[in-house]
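Remarks on the structure that follows.
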Amino acid sequence: MGETQVMDWAQKAAEMFRRSALPGRGVKLYVNMVESAFDNFWETVAPWYMKTFTAQERHAWAVFDIHWYTAWGGCSGRTVPGGGYLCSQPVEEVRPFLQNCIEKDMAKFKRKVDGLKSCSEFSLSTFEDPTMACKDKGMLNMFLEEQLASFKQYRIQGFFWTWRMPYGSNFENGWSFKHITGLE
């Protein structure tokens, strides 16, 4: 499916929502486009969104939603060389690096989109291969703190990836909020 088809379909769905009673009842429409589905996401999707929804709609019920991860790419943390940092580094040495990674992307989100914003998928996974991702509670707690601080600063509503990973013990450290908070 092409980029234009995706945006056209989302625009039609938004129009159905707009004409319904839902906005008047306080229900929000979360508009999520997957970044990797677009050649130039921010230069394509953000202007489309700004044209598709009025300023009033963007501040009342239309929510631009992203997914955000560091597990893939230059901001990843690993137990082996090749990422942005090593899991064995001191937490306070890694903190400014992760702050920069998070800040760069969340500041861009704020610049490109006016209105309500959310990140309906974020986690503490530091690398795509969970057997080589960071597992240290101090490191993961710092990572969570920095993501939440950035979301608060830029007024982005965050939703952690998942509550529980009952059949994925390799993924619990990064993806199970229940495990991370010590409730499991």
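Within each chain, counting starts at residue 1; across the structure tokens, chains are named A, B, ... in the order shown, with ligands numbered 1 upward in that order.
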
Give me the residues near A:Ser123 as a PyMOL selection string, where near means some atom within 7 Å (using only C-alpha atoms) and where sequence neighbours in that chain fewer than 2 positions away do not count. chain A and resi 69+121+125+160-161+174-175

Near stretch 61-65 of chain A, within 8 Å and counting only C-alpha atoms, which residues show up once chain neighbours fewer than 2 positions away are dropped, as JSON, numbers by chain? {"A": [23, 26, 27, 28, 29, 30, 31, 32, 33, 49, 53, 57, 58, 59, 67, 113, 115, 116, 117, 118, 119, 120]}

Contacts of stretch 136-147 of chain A within 8 Å, only C-alpha atoms, excl. fewer than 4 positions in-chain, as a list in words: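 Non-adjacent residues within range: Cys87, Val91, Arg95, Leu98, Gln99, Ile102, Ser123, Leu124, Phe151, Gly174 and Ile180 of chain A.
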
Quick one: residues within 12 Å of A:Asp39, only C-alpha atoms counted, chain neighbours fewer than 6 positions away excluded, as number ranges by chain? A: 2-4, 45

With C-alpha atoms retained, could you export that selection as a compact mmCIF listing (two decimals), in the first residue's frame?
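Writing the result to selection-v2.txt gives the following:
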```txt
# COMPACT_ATOMS: atom_id res chain seq x y z
CA GLY A 2 1.40 3.41 -0.94
CA GLU A 3 1.85 6.38 1.35
CA THR A 4 -0.97 8.32 -0.31
CA VAL A 45 2.75 12.95 7.64
```

Looking only at alpha helix (DSSP H) from DSSP on the backbone, list the matching residues of chain A as a PyMOL selection string. chain A and resi 3-19+41-52+55-60+91-112+137-153+172-175+177-180

Give me the residues near A:Ala107 as a list in words, where near means some atom within 10 Å (using only C-alpha atoms) and where sequence neighbours in that chain fewer than 3 positions away do not count.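 Returned residues: Ile102, Glu103, Lys104, Lys110, Arg111, Lys112, Ser150, Phe151, Gln153 and Tyr154 of chain A.
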
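A straight line drawn from atom CA of A:Gly82 to atom CA of A:Trp68 is 20.2 Å long.
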
Please measure the separation of atom CA of A:Gln89 and atom CA of A:Gly74, giving the value in Å to one decimal.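 Between these atoms lies a distance of 16.1 Å.
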
Could you please determine the separation between atom CA of A:Phe122 and atom CA of A:Glu93 in Å, to one decimal place?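 So the two atoms, atom CA of A:Phe122 and atom CA of A:Glu93, lie 22.2 Å apart.
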
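Residue nearest A:Thr52, chosen from A:Phe38, A:Asp8, A:Met106, A:Gly158 and counting only C-alpha atoms: A:Asp8.
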
Report as a PyMOL selection string: the residues of chain A with a DSSP assignment of strand (DSSP E or B), based on the backbone of this structure. chain A and resi 29-32+62-67+77-78+85-86+116-122+156-160+162+176

Those selected residues, please, written with C-alpha atoms and delivered as a short mmCIF file (atom, residue, chain, number, x, y, z; two decimals), in the first residue's frame.
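The file below, again-v2.cif, is the result:
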```
data_model
loop_
_atom_site.label_atom_id
_atom_site.label_comp_id
_atom_site.auth_asym_id
_atom_site.auth_seq_id
_atom_site.Cartn_x
_atom_site.Cartn_y
_atom_site.Cartn_z
CA LEU A 29 -9.16 10.00 17.96
CA TYR A 30 -5.57 8.75 18.12
CA VAL A 31 -4.03 9.06 14.67
CA ASN A 32 -1.04 6.75 14.44
CA ALA A 62 -7.44 14.66 17.33
CA VAL A 63 -4.24 13.23 18.82
CA PHE A 64 -1.09 12.73 16.74
CA ASP A 65 0.35 9.45 17.99
CA ILE A 66 3.80 7.95 17.50
CA HIS A 67 5.70 4.88 18.62
CA GLY A 77 22.36 0.05 24.53
CA ARG A 78 23.96 -3.37 24.43
CA TYR A 85 26.49 2.80 24.81
CA LEU A 86 27.38 -0.34 26.73
CA LEU A 116 -2.46 16.98 21.31
CA LYS A 117 0.35 14.42 21.13
CA SER A 118 0.87 10.89 22.39
CA CYS A 119 3.42 8.14 22.27
CA SER A 120 1.30 5.01 22.55
CA GLU A 121 4.28 2.70 22.39
CA PHE A 122 7.49 3.14 24.32
CA ILE A 156 3.17 14.08 25.21
CA GLN A 157 0.86 11.47 26.71
CA GLY A 158 2.87 8.27 27.10
CA PHE A 159 1.62 4.70 27.08
CA PHE A 160 4.08 1.98 28.07
CA THR A 162 2.71 -3.57 27.62
CA SER A 176 6.76 -5.73 30.99
#
```
